[in-house]
Amino acid sequence: MEEYQKAHDDYILARSQYLKFLTLTSKQNAQVATSIMLKARDAVVVSYLKTLVARMNEIEGIPAENRQTVMDKLNAEIAWFEDHKNNISASDSLDTLTSKSDEAKKRYTELNILAHTALFTISDGRINDYQKRHSEIFQRTKDKFEQIKNEKREDYTLSDRKKEIIERWISEAEARAAKSEESQAEAQKSLNLGVNIQTYTIAISKLDTSQEYLKEATLFVKEIIREITVSE
Amino acid sequence: MLGFNKNKRNPQDAKPIGVDTQFQANPTVSQGKVPPTQSVLEEDEDEVELTESKVDWNPRPKRMGFLKTIAPVILILSVAGFGIAYFMRSDKKVTQGPPLPPVPSIPPFQRFQPSIYADDPVILKLQEDVNVLDRELSNTQIKETILEPPTLDFNVTFK
């Protein structure tokens with residue numbers, strides 16, 4: 001990004017000098033500065049897309065099919081921008097450079113939608129991962145509670161009052177987990193209308209709500225465990 | 001000696017009262033010289049009586065004067081104090097916003113007895129896993145703010 005900033009500053013200076021003096025030297029300088037800036041700009045886009053791909057690989061909760069679809073699109077964009085970057089030359093005329101810049105502009109505008117789709121997929125994958133882990137911990141907790149309930153040994157049994165409390169926490173945790181899933185489904189639904197900044201923002205806020213419910217559900221599981229580990 | 005009205009005394013015929021006055025009336029005593037004879041004392045007593053009748057020995061008017069000065073000041077101060085207190089209270093009422101929500105009191109610390117399951121390996125593993133998940137859920141921001149598309153300049157023109 002720093003390289004791009006410097007190249008962009010040089011381009012702005014060369015462009016203003018060319019427009020002011022309109023000499024061959026200033027035109028040559030403008031061509032060189034513009035080509036360097038366009039290459040640096042493509043490099044930034046490629047680097048950004050590669051970061052998205054790396055992040056998508058990190059998140060375990062992304063469904064394989066989704067992951068593959070989005071990553072294929074991202075890789076196709078990486079290839080396009082790398083190819084575009086290699087086709088830029090300092091010997092290109094200013095009109096050619098302008099034309100090549102416009103191509104990249106069009107592509108980048110479309111890429112914005114793909115980038116936000118990828119960002120949503122990453123956030124959604126995180127929620128999937130948390131839900132899966134919560135569900136697994138919750139199931140183990142319930143299994144342990146069932147085992148304790150079936151205990152016949154005197155020291156190992158829980159009082160009816162404690163059992164009632166734990167059962168209440170179990171139902172509360174289940175309700176929160178269900179609400180978390182509902183919010184996640186709403187988030188996915190809001191993106192089905194079409195991905196743009198507005199729908200992306202709505203979808204992310206739904207995922208935030210989903211995360212909050214999951215947090216509450218986890219607190220109830222903690223409370224169940226605490227009840228089991230504390231004496232009457 | 002309080003309330004002794006010096007202004008009304010005639011220095012020529014009035015003499016001080018009591019032992020001190022006697023000593024002052026007869027300077028020889030005060031100077032440690034020969035004590036006064038009986039006749040002299042009798043004469044002095046007569047003179048003292050005369051003097052007492054002439055001296056205005058009444059401390060009440062002075063006290064009353066003092067009270068008359070102090071009482072209004074105390075009254076004004078107390079009225080001013082009540083007034084300030086009232087206005088401050090009324091100001092508070094005006095500037096006060098909505099009432100604050102009740103602050104929950106911290107329950108007293110109770111030492112819990114661990115149950116027989118406190119050291120159960122399954123429970124310990126569950127505790128560890130749930131704590132890790134809770135920490136992650138609390139510290140993770142779902143929105144990937146640092147991965148927003150970069151802002152780039154695509155307006156390249158030479159006109």
# chains A, B, ... in the order shown; residues from 1 in each chain; ligands from 1
$ interface_residues --of "chain A" --to "chain B" --cutoff "8 Å" --atoms "only C-alpha atoms" --output "PyMOL selection string"
chain A and resi 15+19+41+45+48+52+94+98+101-102+104-105+112+115-116+119+123+126+130+133-134+137+140-141+144+155-156+204+207-208+211+214-215+218-219+221-222+225+228-232
$ atom_distance --atom1 "atom CA of A:Val44" --atom2 "atom CA of A:Asp83"
13.7 Å
$ residues_around --residues "A:Trp80" --least-positions-apart "5" --cutoff "10 Å" --atoms "only C-alpha atoms" --output "ChimeraX atom specification"
/A:42,46,74-75,85-86,104,107
$ atom_distance --atom1 "atom CA of A:Gln184" --atom2 "atom CA of A:Asn66"
15.5 Å
$ atom_distance --atom1 "atom CA of A:Lys163" --atom2 "atom CA of A:Glu181"
27.1 Å
$ residues_around --residues "A:Asp129" --least-positions-apart "4" --cutoff "7 Å" --atoms "only C-alpha atoms" --output "PyMOL selection string"
chain A and resi 60-61+125+133
$ write_last_selection --atoms "N, CA and C atoms" --output "short mmCIF file (atom, residue, chain, number, x, y, z; two decimals), in the first residue's frame"
data_model
loop_
_atom_site.label_atom_id
_atom_site.label_comp_id
_atom_site.auth_asym_id
_atom_site.auth_seq_id
_atom_site.Cartn_x
_atom_site.Cartn_y
_atom_site.Cartn_z
N GLU A 60 -12.63 -22.36 9.92
CA GLU A 60 -13.04 -23.76 9.76
C GLU A 60 -14.54 -23.92 9.49
N GLY A 61 -15.32 -22.94 9.93
CA GLY A 61 -16.78 -23.10 9.85
C GLY A 61 -17.39 -22.86 8.48
N GLY A 125 -18.93 -18.11 8.55
CA GLY A 125 -18.14 -19.31 8.90
C GLY A 125 -17.74 -19.29 10.37
N ARG A 133 -19.14 -25.75 17.97
CA ARG A 133 -18.42 -26.01 19.21
C ARG A 133 -19.36 -25.93 20.41
#
$ closest_residue --among "A:Gln188, A:Thr121, A:Ser171, A:Ser26" --to "A:Val53" --atoms "only C-alpha atoms"
A:Thr121
$ select_by_dssp --residues "stretch 7-164 of chain A" --states "alpha helix (DSSP H)" --output "JSON, numbers by chain"
{"A": [7, 8, 9, 10, 11, 12, 13, 14, 15, 16, 17, 18, 19, 20, 21, 24, 25, 26, 27, 28, 29, 30, 31, 32, 33, 34, 35, 36, 37, 38, 39, 40, 41, 42, 43, 44, 45, 46, 47, 48, 49, 50, 51, 52, 53, 54, 55, 56, 57, 58, 64, 65, 66, 67, 68, 69, 70, 71, 72, 73, 74, 75, 76, 77, 78, 79, 80, 81, 82, 83, 84, 85, 86, 94, 95, 96, 97, 98, 99, 100, 101, 102, 103, 104, 105, 106, 107, 108, 109, 110, 111, 112, 113, 114, 115, 116, 117, 118, 119, 120, 121, 122, 123, 124, 125, 126, 127, 128, 129, 130, 131, 132, 133, 134, 135, 136, 137, 138, 139, 140, 141, 142, 143, 144, 145, 146, 147, 148, 149, 160, 161, 162, 163, 164]}
$ residues_around --residues "A:Ser190" --least-positions-apart "5" --cutoff "12 Å" --atoms "only C-alpha atoms" --output "CSV table (one decimal) with N, CA and C atoms, in the first residue's frame"
chain,number,residue,atom,x,y,z
A,120,PHE,N,-18.6,-11.7,4.1
A,120,PHE,CA,-19.8,-12.3,4.8
A,120,PHE,C,-19.6,-13.8,5.0
A,183,SER,N,-31.2,-16.1,13.8
A,183,SER,CA,-30.6,-14.8,13.4
A,183,SER,C,-29.6,-15.0,12.2
A,184,GLN,N,-28.9,-16.2,12.3
A,184,GLN,CA,-28.0,-16.5,11.2
A,184,GLN,C,-28.7,-16.7,9.9
A,185,ALA,N,-29.8,-17.4,10.0
A,185,ALA,CA,-30.6,-17.7,8.8
A,185,ALA,C,-31.1,-16.4,8.2
A,195,VAL,N,-26.0,-8.7,-3.2
A,195,VAL,CA,-24.9,-8.2,-2.3
A,195,VAL,C,-24.5,-6.8,-2.6
A,196,ASN,N,-24.7,-5.9,-1.7
A,196,ASN,CA,-24.1,-4.6,-1.8
A,196,ASN,C,-23.8,-4.1,-0.4
A,197,ILE,N,-23.3,-2.9,-0.3
A,197,ILE,CA,-22.9,-2.4,1.0
A,197,ILE,C,-24.0,-2.5,2.1
A,198,GLN,N,-25.2,-2.1,1.6
A,198,GLN,CA,-26.4,-2.0,2.5
A,198,GLN,C,-26.8,-3.4,3.0
A,199,THR,N,-27.0,-4.3,2.0
A,199,THR,CA,-27.4,-5.7,2.5
A,199,THR,C,-26.3,-6.4,3.3
A,200,TYR,N,-25.0,-6.1,2.9
A,200,TYR,CA,-23.9,-6.6,3.7
A,200,TYR,C,-24.0,-6.1,5.2
A,201,THR,N,-24.2,-4.8,5.3
A,201,THR,CA,-24.3,-4.2,6.7
A,201,THR,C,-25.4,-4.9,7.5
A,202,ILE,N,-26.6,-5.1,6.8
A,202,ILE,CA,-27.7,-5.7,7.5
A,202,ILE,C,-27.4,-7.1,7.9
A,203,ALA,N,-26.8,-7.8,7.0
A,203,ALA,CA,-26.5,-9.2,7.2
A,203,ALA,C,-25.5,-9.4,8.4
A,204,ILE,N,-24.5,-8.5,8.4
A,204,ILE,CA,-23.5,-8.5,9.5
A,204,ILE,C,-24.1,-8.2,10.9
A,205,SER,N,-25.1,-7.3,10.9
A,205,SER,CA,-25.7,-6.9,12.1
A,205,SER,C,-26.6,-8.1,12.7
A,206,LYS,N,-27.1,-8.9,11.7
A,206,LYS,CA,-27.9,-10.1,12.1
A,206,LYS,C,-26.9,-11.2,12.7
A,207,LEU,N,-25.7,-11.2,12.1
A,207,LEU,CA,-24.7,-12.2,12.6
A,207,LEU,C,-24.2,-11.8,14.0
